[in-house]
Amino acid sequence: MFHLNSNYQKLDNPYFFTEVAKRTAEYSQRNPGQKVIRFGVGDVTRPLTKTVVKALHDAVDEMAEEKSFHGYTQPQGYEFLRDAIASFEYKRRGCPIGADEIFISDGAKTDSGNIQEIFAKDNRIALCDPGYPVYLDSNLMTGKCERDDVIYLPCTEANGFIPELPKQTPDLIYLCFPNNPTGAAITKQALQEWVDYANKNGTVIIFDAAYEAYITEDEIPHTIYECPGAENCAIEIRSFSKNAGFTGVRLGYTVIPKAIRAENGISAHNLWYRRIGTRFNGAGYIQQRAGAAVYTEAGQQEIRELVSYYQENAKMIREGLQEAGYTVYGGVNAPYLWLKAKEKMTSWEFFDHLLNRAAIVTTPGSGFGPSGESFLRLTAFGSHENTKEAVEKVKSIS
Ligand code: PLP
């Protein structure tokens with residue numbers, strides 16, 4: 001008789017997003033015809049931009065020609081895209097990152113879920129609480145840790161949702177800023193403390209910057225490599241999903257500087273290179289051409305418009321709910337808002353309250369970790385019309 005991987009039994013089952021979907025479906029069954037507005041899942045709603053669509057079409061046309069057909073791609077990604085990323089995201093900001101340190105992938109979820117594979121089993125991990133569930137789940141699934149082995153870094157109202165440096169030293173720290181779910185952003189000065197801590201203690205920081213495009217304030221770094229020394233201790237994960245709307249196209253990348261070496265001199269870059277040679281055949285040529293189009297002048301202009309569309313929603317939610325008497329965090333440098341329950345409600349009670357009274361679907365903060373209790377995550381990825389309507393509904397029941 002076969003046995004299934006028992007590590008999977010350590011995961012929360014059902015996944016809390018499944019419970020959100022179930023409660024939403026039950027609500028719709030009880031209230032047929034009632035419009036439900038979704039503030040929940042962090043998926044974009046605006047279509048792809050003109051420049052990106054043209055690049056996709058052109059790449060498809062190329063694939064139809066014998067002389068320009070592309071088969072297996074280079075596992076690390078095409079140079080045309082890695083060069084564009086290196087110069088736009090890093091050189092322009094004075095960061096010491098080269099195109100050969102960039103690995104193109106099919107998205108930040110794949111990379112944030114797989115990166116732990118190149119680290120030893122006995123490495124101790126630290127995670128922000130609340131945090132993006134992929135970090136913990138992927139470590140549990142591969143048997144890298146038990147829940148109790150993890151060093152949790154509470155992100156609370158008291159610390160402005162920026163964790164304090166850990167008292168016990170981890171080998172790996174996952175940081176995500178601008179943050180999902182709290183919408184908090186870290187200043188360059190605060191991030192520098194983490195980089196210095198990591199370099200002093202031989203720790204690697206896995207920095208998820210999937211929401212970089214939403215940064216509006218000057219003191220917030222766009223990449224961890226703006227902090228001197230980060231090239232010796234930090235891996236950065238990026239995505240085209242939330243800036244260019246590629247959630248259905250699939251494209252992302254991970255930066256692993258060559259200087260990150262374990263005690264025995266082996267470089268993380270070499271191991272990841274070896275790993276993708278076995279487990280990945282590269283992101284698609286068509287998607288990579290679309291990614292390169294994002295870095296053209298027209299592409300950048302369109303992306304700014306796309307992001308500002310969602311930023312306007314974030315502002316509308318933030319201001320509207322504050323007017324309704326709620327305490328709301330985030331939404332300034334991120335497409336997420338972190339809404340505190342007014343009375344002593346759990347996240348799920350608050351979720352049910354907004355669903356049953358206002359027909360609005362949110363995401364319970366407790367699903368992201370115990371410190372998320374009594375909060376809800378709202379996303380700014382809807383249409384202006386739905387966002388406005390939802391804010392008015394919340395106001396009307398407050
Ligand atoms: N990282 C964080 C923090 C996210 O919130 C998400 C998606 O919601 C991802 C990564 C996934 O990005 P991608 O669509 O590139 O896989």
# chains A, B, ... in the order shown; residues from 1 in each chain; ligands from 1
call {"tool": "select_by_dssp", "arguments": {"residues": "range 78-260 of chain A", "states": "strand (DSSP E)", "output": "PDB file with N, CA and C atoms, in the first residue's frame"}}
result
ATOM      1  N   ILE A 102      20.282  37.204 -11.894  1.00  0.00           N
ATOM      2  CA  ILE A 102      18.808  37.210 -11.963  1.00  0.00           C
ATOM      3  C   ILE A 102      18.321  35.903 -12.601  1.00  0.00           C
ATOM      4  N   PHE A 103      17.337  35.293 -11.980  1.00  0.00           N
ATOM      5  CA  PHE A 103      16.743  34.059 -12.500  1.00  0.00           C
ATOM      6  C   PHE A 103      15.274  34.330 -12.810  1.00  0.00           C
ATOM      7  N   ILE A 104      14.904  34.204 -14.073  1.00  0.00           N
ATOM      8  CA  ILE A 104      13.509  34.440 -14.465  1.00  0.00           C
ATOM      9  C   ILE A 104      12.690  33.184 -14.145  1.00  0.00           C
ATOM     10  N   SER A 105      11.479  33.412 -13.663  1.00  0.00           N
ATOM     11  CA  SER A 105      10.632  32.264 -13.301  1.00  0.00           C
ATOM     12  C   SER A 105       9.198  32.508 -13.770  1.00  0.00           C
ATOM     13  N   ILE A 125      14.233  28.828  10.615  1.00  0.00           N
ATOM     14  CA  ILE A 125      13.636  29.932   9.866  1.00  0.00           C
ATOM     15  C   ILE A 125      12.865  30.898  10.774  1.00  0.00           C
ATOM     16  N   ALA A 126      12.845  32.140  10.363  1.00  0.00           N
ATOM     17  CA  ALA A 126      12.045  33.161  11.059  1.00  0.00           C
ATOM     18  C   ALA A 126      11.033  33.719  10.071  1.00  0.00           C
ATOM     19  N   LEU A 127       9.801  33.872  10.553  1.00  0.00           N
ATOM     20  CA  LEU A 127       8.708  34.351   9.690  1.00  0.00           C
ATOM     21  C   LEU A 127       7.940  35.463  10.366  1.00  0.00           C
ATOM     22  N   CYS A 128       7.494  36.408   9.580  1.00  0.00           N
ATOM     23  CA  CYS A 128       6.633  37.454  10.115  1.00  0.00           C
ATOM     24  C   CYS A 128       5.254  36.865  10.401  1.00  0.00           C
ATOM     25  N   ASP A 129       4.677  37.299  11.492  1.00  0.00           N
ATOM     26  CA  ASP A 129       3.317  36.892  11.871  1.00  0.00           C
ATOM     27  C   ASP A 129       2.492  38.157  12.047  1.00  0.00           C
ATOM     28  N   ILE A 151      10.754  30.600  14.298  1.00  0.00           N
ATOM     29  CA  ILE A 151      10.817  31.812  15.120  1.00  0.00           C
ATOM     30  C   ILE A 151       9.816  32.786  14.500  1.00  0.00           C
ATOM     31  N   TYR A 152       8.743  33.065  15.235  1.00  0.00           N
ATOM     32  CA  TYR A 152       7.719  33.973  14.706  1.00  0.00           C
ATOM     33  C   TYR A 152       8.039  35.405  15.127  1.00  0.00           C
ATOM     34  N   LEU A 153       7.874  36.311  14.189  1.00  0.00           N
ATOM     35  CA  LEU A 153       8.181  37.721  14.434  1.00  0.00           C
ATOM     36  C   LEU A 153       6.860  38.490  14.400  1.00  0.00           C
ATOM     37  N   PRO A 154       6.293  38.784  15.573  1.00  0.00           N
ATOM     38  CA  PRO A 154       4.985  39.447  15.569  1.00  0.00           C
ATOM     39  C   PRO A 154       5.042  40.828  14.921  1.00  0.00           C
ATOM     40  N   LEU A 172      17.600  31.615   8.319  1.00  0.00           N
ATOM     41  CA  LEU A 172      16.857  32.188   7.177  1.00  0.00           C
ATOM     42  C   LEU A 172      15.747  33.067   7.712  1.00  0.00           C
ATOM     43  N   ILE A 173      15.600  34.245   7.144  1.00  0.00           N
ATOM     44  CA  ILE A 173      14.497  35.124   7.556  1.00  0.00           C
ATOM     45  C   ILE A 173      13.703  35.491   6.309  1.00  0.00           C
ATOM     46  N   TYR A 174      12.399  35.300   6.369  1.00  0.00           N
ATOM     47  CA  TYR A 174      11.552  35.751   5.271  1.00  0.00           C
ATOM     48  C   TYR A 174      10.998  37.125   5.640  1.00  0.00           C
ATOM     49  N   LEU A 175      11.238  38.093   4.776  1.00  0.00           N
ATOM     50  CA  LEU A 175      10.641  39.415   4.954  1.00  0.00           C
ATOM     51  C   LEU A 175       9.899  39.760   3.673  1.00  0.00           C
ATOM     52  N   CYS A 176       8.747  40.394   3.821  1.00  0.00           N
ATOM     53  CA  CYS A 176       7.982  40.803   2.639  1.00  0.00           C
ATOM     54  C   CYS A 176       7.552  42.248   2.838  1.00  0.00           C
ATOM     55  N   VAL A 204      20.582  34.426   6.077  1.00  0.00           N
ATOM     56  CA  VAL A 204      20.140  34.864   4.745  1.00  0.00           C
ATOM     57  C   VAL A 204      18.732  35.450   4.869  1.00  0.00           C
ATOM     58  N   ILE A 205      18.520  36.603   4.233  1.00  0.00           N
ATOM     59  CA  ILE A 205      17.182  37.199   4.186  1.00  0.00           C
ATOM     60  C   ILE A 205      16.562  36.854   2.836  1.00  0.00           C
ATOM     61  N   ILE A 206      15.360  36.314   2.877  1.00  0.00           N
ATOM     62  CA  ILE A 206      14.616  36.118   1.633  1.00  0.00           C
ATOM     63  C   ILE A 206      13.611  37.261   1.591  1.00  0.00           C
ATOM     64  N   PHE A 207      13.843  38.179   0.677  1.00  0.00           N
ATOM     65  CA  PHE A 207      13.072  39.430   0.656  1.00  0.00           C
ATOM     66  C   PHE A 207      12.080  39.384  -0.495  1.00  0.00           C
ATOM     67  N   ASP A 208      10.805  39.321  -0.149  1.00  0.00           N
ATOM     68  CA  ASP A 208       9.746  39.250  -1.167  1.00  0.00           C
ATOM     69  C   ASP A 208       9.260  40.678  -1.437  1.00  0.00           C
ATOM     70  N   ALA A 234      21.251  38.777   0.991  1.00  0.00           N
ATOM     71  CA  ALA A 234      19.815  38.807   0.670  1.00  0.00           C
ATOM     72  C   ALA A 234      19.497  38.242  -0.711  1.00  0.00           C
ATOM     73  N   ILE A 235      18.433  37.461  -0.729  1.00  0.00           N
ATOM     74  CA  ILE A 235      17.846  36.961  -1.978  1.00  0.00           C
ATOM     75  C   ILE A 235      16.557  37.760  -2.163  1.00  0.00           C
ATOM     76  N   GLU A 236      16.334  38.276  -3.355  1.00  0.00           N
ATOM     77  CA  GLU A 236      15.121  39.086  -3.558  1.00  0.00           C
ATOM     78  C   GLU A 236      14.203  38.413  -4.582  1.00  0.00           C
ATOM     79  N   ILE A 237      12.919  38.398  -4.248  1.00  0.00           N
ATOM     80  CA  ILE A 237      11.921  37.765  -5.125  1.00  0.00           C
ATOM     81  C   ILE A 237      10.987  38.844  -5.658  1.00  0.00           C
ATOM     82  N   ARG A 238      10.767  38.833  -6.969  1.00  0.00           N
ATOM     83  CA  ARG A 238       9.919  39.866  -7.585  1.00  0.00           C
ATOM     84  C   ARG A 238       8.921  39.221  -8.545  1.00  0.00           C
ATOM     85  N   SER A 239       7.917  39.998  -8.887  1.00  0.00           N
ATOM     86  CA  SER A 239       6.812  39.464  -9.685  1.00  0.00           C
ATOM     87  C   SER A 239       6.344  40.499 -10.700  1.00  0.00           C
ATOM     88  N   GLY A 252       7.959  36.099 -13.166  1.00  0.00           N
ATOM     89  CA  GLY A 252       8.577  36.695 -11.982  1.00  0.00           C
ATOM     90  C   GLY A 252      10.080  36.469 -12.067  1.00  0.00           C
ATOM     91  N   TYR A 253      10.790  36.841 -11.029  1.00  0.00           N
ATOM     92  CA  TYR A 253      12.234  36.555 -11.015  1.00  0.00           C
ATOM     93  C   TYR A 253      12.777  36.601  -9.605  1.00  0.00           C
ATOM     94  N   THR A 254      13.921  35.966  -9.466  1.00  0.00           N
ATOM     95  CA  THR A 254      14.597  35.936  -8.170  1.00  0.00           C
ATOM     96  C   THR A 254      16.049  36.337  -8.378  1.00  0.00           C
ATOM     97  N   VAL A 255      16.526  37.178  -7.483  1.00  0.00           N
ATOM     98  CA  VAL A 255      17.925  37.616  -7.548  1.00  0.00           C
ATOM     99  C   VAL A 255      18.699  36.863  -6.480  1.00  0.00           C
TER     100      VAL A 255
END
call {"tool": "closest_atom_pairs", "arguments": {"of": "chain A", "to": "ligand 1", "cutoff": "9 Å", "atoms": "only C-alpha atoms and all ligand atoms", "output": "tab-separated table"}}
result
residue	atom	partner	partner_atom_place_in_ligand_line	distance
A:Val41	CA	ligand 1	8 (O)	8.0
A:Gly42	CA	ligand 1	8 (O)	5.4
A:Asp43	CA	ligand 1	8 (O)	7.1
A:Ser105	CA	ligand 1	15 (O)	8.6
A:Asp106	CA	ligand 1	15 (O)	7.0
A:Gly107	CA	ligand 1	15 (O)	3.4
A:Ala108	CA	ligand 1	15 (O)	3.7
A:Lys109	CA	ligand 1	16 (O)	3.6
A:Thr110	CA	ligand 1	16 (O)	6.1
A:Asp111	CA	ligand 1	16 (O)	7.9
A:Ser112	CA	ligand 1	10 (C)	6.7
A:Gly113	CA	ligand 1	10 (C)	9.0
A:Gly131	CA	ligand 1	3 (C)	8.0
A:Tyr132	CA	ligand 1	3 (C)	5.5
A:Pro133	CA	ligand 1	3 (C)	8.8
A:Val134	CA	ligand 1	1 (N)	8.1
A:Cys176	CA	ligand 1	3 (C)	6.0
A:Phe177	CA	ligand 1	3 (C)	8.0
A:Pro178	CA	ligand 1	3 (C)	8.3
A:Asn179	CA	ligand 1	3 (C)	6.7
A:Asn180	CA	ligand 1	3 (C)	5.2
A:Pro181	CA	ligand 1	5 (O)	7.5
A:Asp208	CA	ligand 1	1 (N)	5.9
A:Ala209	CA	ligand 1	3 (C)	7.1
A:Ala210	CA	ligand 1	1 (N)	5.2
A:Tyr211	CA	ligand 1	3 (C)	7.3
A:Ile237	CA	ligand 1	1 (N)	7.8
A:Arg238	CA	ligand 1	15 (O)	7.0
A:Ser239	CA	ligand 1	15 (O)	4.2
A:Phe240	CA	ligand 1	15 (O)	6.0
A:Ser241	CA	ligand 1	14 (O)	4.8
A:Lys242	CA	ligand 1	14 (O)	7.3
A:Gly245	CA	ligand 1	14 (O)	8.9
A:Phe246	CA	ligand 1	14 (O)	7.1
A:Thr247	CA	ligand 1	14 (O)	4.9
A:Gly248	CA	ligand 1	14 (O)	8.0
A:Val249	CA	ligand 1	14 (O)	8.9
A:Arg250	CA	ligand 1	14 (O)	6.5
A:Leu251	CA	ligand 1	15 (O)	6.1
A:Gly252	CA	ligand 1	15 (O)	5.3
A:Tyr253	CA	ligand 1	15 (O)	8.3
call {"tool": "residues_around", "arguments": {"residues": "Asn386 in chain A", "least_positions_apart": "4", "cutoff": "12 Å", "atoms": "only C-alpha atoms", "output": "ChimeraX atom specification"}}
result
/A:35-39,45,313,316-317,359-361,379-382,390-393
call {"tool": "write_last_selection", "arguments": {"atoms": "all heavy atoms", "output": "short mmCIF file (atom, residue, chain, number, x, y, z; two decimals), in the first residue's frame"}}
result
data_model
loop_
_atom_site.label_atom_id
_atom_site.label_comp_id
_atom_site.auth_asym_id
_atom_site.auth_seq_id
_atom_site.Cartn_x
_atom_site.Cartn_y
_atom_site.Cartn_z
N LYS A 35 -25.89 41.10 -5.03
CA LYS A 35 -24.54 41.32 -5.56
C LYS A 35 -23.52 41.23 -4.42
O LYS A 35 -23.68 41.88 -3.39
CB LYS A 35 -24.47 42.72 -6.21
CG LYS A 35 -23.09 43.08 -6.71
CD LYS A 35 -23.10 44.43 -7.41
CE LYS A 35 -21.71 44.86 -7.78
NZ LYS A 35 -21.67 46.21 -8.34
N VAL A 36 -22.49 40.43 -4.63
CA VAL A 36 -21.44 40.29 -3.62
C VAL A 36 -20.19 40.98 -4.16
O VAL A 36 -19.78 40.74 -5.30
CB VAL A 36 -21.15 38.78 -3.37
CG1 VAL A 36 -19.95 38.60 -2.46
CG2 VAL A 36 -22.38 38.11 -2.77
N ILE A 37 -19.60 41.86 -3.37
CA ILE A 37 -18.38 42.55 -3.83
C ILE A 37 -17.18 41.92 -3.12
O ILE A 37 -17.17 41.76 -1.90
CB ILE A 37 -18.46 44.06 -3.57
CG1 ILE A 37 -19.64 44.64 -4.36
CG2 ILE A 37 -17.15 44.75 -3.99
CD1 ILE A 37 -19.84 46.13 -4.23
N ARG A 38 -16.16 41.60 -3.92
CA ARG A 38 -15.01 40.87 -3.37
C ARG A 38 -13.85 41.80 -3.10
O ARG A 38 -13.29 42.39 -4.02
CB ARG A 38 -14.58 39.76 -4.34
CG ARG A 38 -15.59 38.66 -4.36
CD ARG A 38 -15.42 37.73 -5.56
NE ARG A 38 -16.68 37.05 -5.82
CZ ARG A 38 -17.07 35.96 -5.18
NH1 ARG A 38 -16.31 35.39 -4.30
NH2 ARG A 38 -18.25 35.42 -5.46
N PHE A 39 -13.52 41.90 -1.84
CA PHE A 39 -12.35 42.66 -1.39
C PHE A 39 -11.27 41.67 -0.93
O PHE A 39 -10.39 42.02 -0.20
CB PHE A 39 -12.75 43.44 -0.14
CG PHE A 39 -13.11 44.87 -0.36
CD1 PHE A 39 -13.86 45.55 0.60
CD2 PHE A 39 -12.69 45.58 -1.47
CE1 PHE A 39 -14.20 46.88 0.46
CE2 PHE A 39 -13.03 46.91 -1.62
CZ PHE A 39 -13.78 47.56 -0.67
N THR A 45 -7.68 43.06 -11.60
CA THR A 45 -8.91 42.99 -12.42
C THR A 45 -8.79 43.78 -13.73
O THR A 45 -9.61 43.62 -14.61
CB THR A 45 -10.11 43.55 -11.62
OG1 THR A 45 -9.76 44.85 -11.13
CG2 THR A 45 -10.48 42.66 -10.46
N ASN A 313 -8.06 53.26 -5.56
CA ASN A 313 -8.99 52.42 -4.79
C ASN A 313 -8.54 52.34 -3.33
O ASN A 313 -9.35 52.43 -2.41
CB ASN A 313 -9.01 50.98 -5.33
CG ASN A 313 -9.79 50.87 -6.62
OD1 ASN A 313 -10.52 51.78 -6.99
ND2 ASN A 313 -9.63 49.76 -7.31
N MET A 316 -9.46 55.36 -1.55
CA MET A 316 -10.91 55.42 -1.35
C MET A 316 -11.31 54.54 -0.15
O MET A 316 -12.09 54.95 0.70
CB MET A 316 -11.59 54.90 -2.63
CG MET A 316 -12.92 55.51 -2.88
SD MET A 316 -13.80 54.80 -4.30
CE MET A 316 -12.66 54.43 -5.57
N ILE A 317 -10.72 53.36 -0.08
CA ILE A 317 -11.07 52.43 1.01
C ILE A 317 -10.58 53.01 2.34
O ILE A 317 -11.31 53.07 3.33
CB ILE A 317 -10.41 51.04 0.79
CG1 ILE A 317 -10.89 50.41 -0.51
CG2 ILE A 317 -10.69 50.12 1.97
CD1 ILE A 317 -10.14 49.14 -0.92
N ALA A 359 -22.70 42.32 2.28
CA ALA A 359 -22.41 41.49 1.10
C ALA A 359 -21.00 41.76 0.55
O ALA A 359 -20.80 41.86 -0.65
CB ALA A 359 -23.47 41.69 0.02
N ILE A 360 -20.06 41.88 1.48
CA ILE A 360 -18.67 42.14 1.08
C ILE A 360 -17.80 40.98 1.55
O ILE A 360 -17.87 40.58 2.71
CB ILE A 360 -18.18 43.46 1.69
CG1 ILE A 360 -18.91 44.60 1.00
CG2 ILE A 360 -16.68 43.63 1.54
CD1 ILE A 360 -18.78 45.87 1.72
N VAL A 361 -16.97 40.49 0.63
CA VAL A 361 -16.06 39.40 0.98
C VAL A 361 -14.68 39.99 1.26
O VAL A 361 -14.13 40.74 0.44
CB VAL A 361 -15.95 38.37 -0.17
CG1 VAL A 361 -15.04 37.22 0.23
CG2 VAL A 361 -17.31 37.86 -0.56
N THR A 379 -8.38 44.19 -0.28
CA THR A 379 -7.49 44.49 -1.40
C THR A 379 -8.08 45.63 -2.23
O THR A 379 -9.29 45.84 -2.26
CB THR A 379 -7.28 43.28 -2.35
OG1 THR A 379 -8.39 43.19 -3.23
CG2 THR A 379 -7.10 41.99 -1.60
N ALA A 380 -7.17 46.32 -2.90
CA ALA A 380 -7.56 47.47 -3.72
C ALA A 380 -7.64 47.09 -5.20
O ALA A 380 -7.63 47.96 -6.06
CB ALA A 380 -6.54 48.59 -3.52
N PHE A 381 -7.73 45.78 -5.48
CA PHE A 381 -7.65 45.33 -6.86
C PHE A 381 -8.98 45.28 -7.62
O PHE A 381 -9.04 44.74 -8.71
CB PHE A 381 -6.99 43.94 -6.92
CG PHE A 381 -5.51 43.96 -6.62
CD1 PHE A 381 -4.97 43.17 -5.62
CD2 PHE A 381 -4.66 44.77 -7.35
CE1 PHE A 381 -3.62 43.17 -5.35
CE2 PHE A 381 -3.30 44.78 -7.10
CZ PHE A 381 -2.78 43.99 -6.09
N GLY A 382 -10.04 45.82 -7.02
CA GLY A 382 -11.34 45.80 -7.71
C GLY A 382 -11.49 46.97 -8.67
O GLY A 382 -10.55 47.74 -8.91
N ALA A 390 -18.78 49.31 -2.28
CA ALA A 390 -18.49 48.53 -1.07
C ALA A 390 -18.21 49.45 0.11
O ALA A 390 -18.70 49.21 1.22
CB ALA A 390 -17.30 47.61 -1.33
N VAL A 391 -17.46 50.51 -0.13
CA VAL A 391 -17.15 51.44 0.96
C VAL A 391 -18.43 52.08 1.49
O VAL A 391 -18.65 52.17 2.70
CB VAL A 391 -16.12 52.51 0.49
CG1 VAL A 391 -15.98 53.61 1.53
CG2 VAL A 391 -14.77 51.86 0.21
N GLU A 392 -19.31 52.45 0.56
CA GLU A 392 -20.59 53.06 0.98
C GLU A 392 -21.41 52.07 1.82
O GLU A 392 -22.03 52.43 2.81
CB GLU A 392 -21.41 53.50 -0.24
CG GLU A 392 -20.84 54.71 -0.98
CD GLU A 392 -20.52 55.89 -0.06
OE1 GLU A 392 -21.34 56.18 0.83
OE2 GLU A 392 -19.44 56.51 -0.21
N LYS A 393 -21.37 50.80 1.41
CA LYS A 393 -22.14 49.79 2.15
C LYS A 393 -21.59 49.63 3.57
O LYS A 393 -22.35 49.55 4.53
CB LYS A 393 -22.05 48.44 1.43
CG LYS A 393 -23.03 48.32 0.29
CD LYS A 393 -22.96 46.92 -0.26
CE LYS A 393 -24.13 46.60 -1.13
NZ LYS A 393 -24.01 45.28 -1.73
#
call {"tool": "closest_atom_pairs", "arguments": {"of": "range 53-163 of chain A", "to": "range 276-293 of chain A", "cutoff": "6 Å", "atoms": "only C-alpha atoms", "output": "JSON lines"}}
result
{"residue": "A:Ala55", "atom": "CA", "partner": "A:Ala290", "partner_atom": "CA", "distance": 5.2}
{"residue": "A:Leu56", "atom": "CA", "partner": "A:Ala290", "partner_atom": "CA", "distance": 5.5}
{"residue": "A:Ala59", "atom": "CA", "partner": "A:Ile286", "partner_atom": "CA", "distance": 5.2}
{"residue": "A:Thr73", "atom": "CA", "partner": "A:Gly282", "partner_atom": "CA", "distance": 5.6}
{"residue": "A:Pro75", "atom": "CA", "partner": "A:Gly282", "partner_atom": "CA", "distance": 4.2}
{"residue": "A:Leu81", "atom": "CA", "partner": "A:Ala292", "partner_atom": "CA", "distance": 5.2}
{"residue": "A:Ser105", "atom": "CA", "partner": "A:Ala283", "partner_atom": "CA", "distance": 5.3}
{"residue": "A:Asp106", "atom": "CA", "partner": "A:Ala283", "partner_atom": "CA", "distance": 5.3}
call {"tool": "residues_around", "arguments": {"residues": "Glu349 in chain A", "least_positions_apart": "5", "cutoff": "12 Å", "atoms": "only C-alpha atoms", "output": "list in words"}}
result
Arg23, Ala341, Lys342, Glu343, Lys344, Leu354, Leu355, Asn356, Arg357, Thr362, Thr363, Pro364, Gly365, Ser366, Glu373, Ser374, Phe375 and Leu376 of chain A
call {"tool": "write_last_selection", "arguments": {"atoms": "C-alpha atoms", "output": "PDB file, in the first residue's frame"}}
result
ATOM      1  CA  ARG A  23     -18.925  30.916   3.372  1.00  0.00           C
ATOM      2  CA  ALA A 341     -12.504  45.197  14.084  1.00  0.00           C
ATOM      3  CA  LYS A 342     -14.309  47.903  16.027  1.00  0.00           C
ATOM      4  CA  GLU A 343     -15.630  45.722  18.784  1.00  0.00           C
ATOM      5  CA  LYS A 344     -14.072  42.631  20.293  1.00  0.00           C
ATOM      6  CA  LEU A 354     -19.340  42.300   6.653  1.00  0.00           C
ATOM      7  CA  LEU A 355     -20.514  39.413   4.489  1.00  0.00           C
ATOM      8  CA  ASN A 356     -23.952  39.107   6.073  1.00  0.00           C
ATOM      9  CA  ARG A 357     -24.649  42.801   6.602  1.00  0.00           C
ATOM     10  CA  THR A 362     -12.795  40.116   2.792  1.00  0.00           C
ATOM     11  CA  THR A 363      -9.937  37.947   4.048  1.00  0.00           C
ATOM     12  CA  PRO A 364      -9.739  37.111   7.767  1.00  0.00           C
ATOM     13  CA  GLY A 365      -6.448  38.350   9.213  1.00  0.00           C
ATOM     14  CA  SER A 366      -6.100  35.312  11.493  1.00  0.00           C
ATOM     15  CA  GLU A 373      -6.561  38.072  14.830  1.00  0.00           C
ATOM     16  CA  SER A 374      -9.324  40.720  14.871  1.00  0.00           C
ATOM     17  CA  PHE A 375      -8.141  42.171  11.558  1.00  0.00           C
ATOM     18  CA  LEU A 376      -9.343  41.775   7.993  1.00  0.00           C
TER      19      LEU A 376
END
call {"tool": "residues_around", "arguments": {"residues": "Thr51 in chain A", "least_positions_apart": "5", "cutoff": "8 Å", "atoms": "only C-alpha atoms", "output": "list in words"}}
result
Ala293, Val294, Ala298, Gly299 and Glu302 of chain A
call {"tool": "write_last_selection", "arguments": {"atoms": "C-alpha atoms", "output": "mmCIF file, in the first residue's frame"}}
result
data_model
loop_
_atom_site.group_PDB
_atom_site.id
_atom_site.type_symbol
_atom_site.label_atom_id
_atom_site.label_comp_id
_atom_site.auth_asym_id
_atom_site.auth_seq_id
_atom_site.Cartn_x
_atom_site.Cartn_y
_atom_site.Cartn_z
ATOM 1 C CA ALA A 293 7.901 45.231 -23.009
ATOM 2 C CA VAL A 294 7.130 46.381 -19.462
ATOM 3 C CA ALA A 298 5.519 53.153 -23.178
ATOM 4 C CA GLY A 299 5.345 50.016 -21.032
ATOM 5 C CA GLU A 302 1.119 52.178 -18.816
#
call {"tool": "atom_distance", "arguments": {"atom1": "CA of Tyr15 in chain A", "atom2": "CA of Pro170 in chain A"}}
result
26.8 Å
call {"tool": "atom_distance", "arguments": {"atom1": "CA of Gly94 in chain A", "atom2": "CA of Glu226 in chain A"}}
result
7.3 Å
call {"tool": "select_by_dssp", "arguments": {"residues": "range 22-236 of chain A", "states": "helix (DSSP H, G or I)", "output": "PyMOL selection string"}}
result
chain A and resi 22-30+50-63+79-93+99-101+108-118+133-141+147-149+188-201+212-214+224-226+230-232
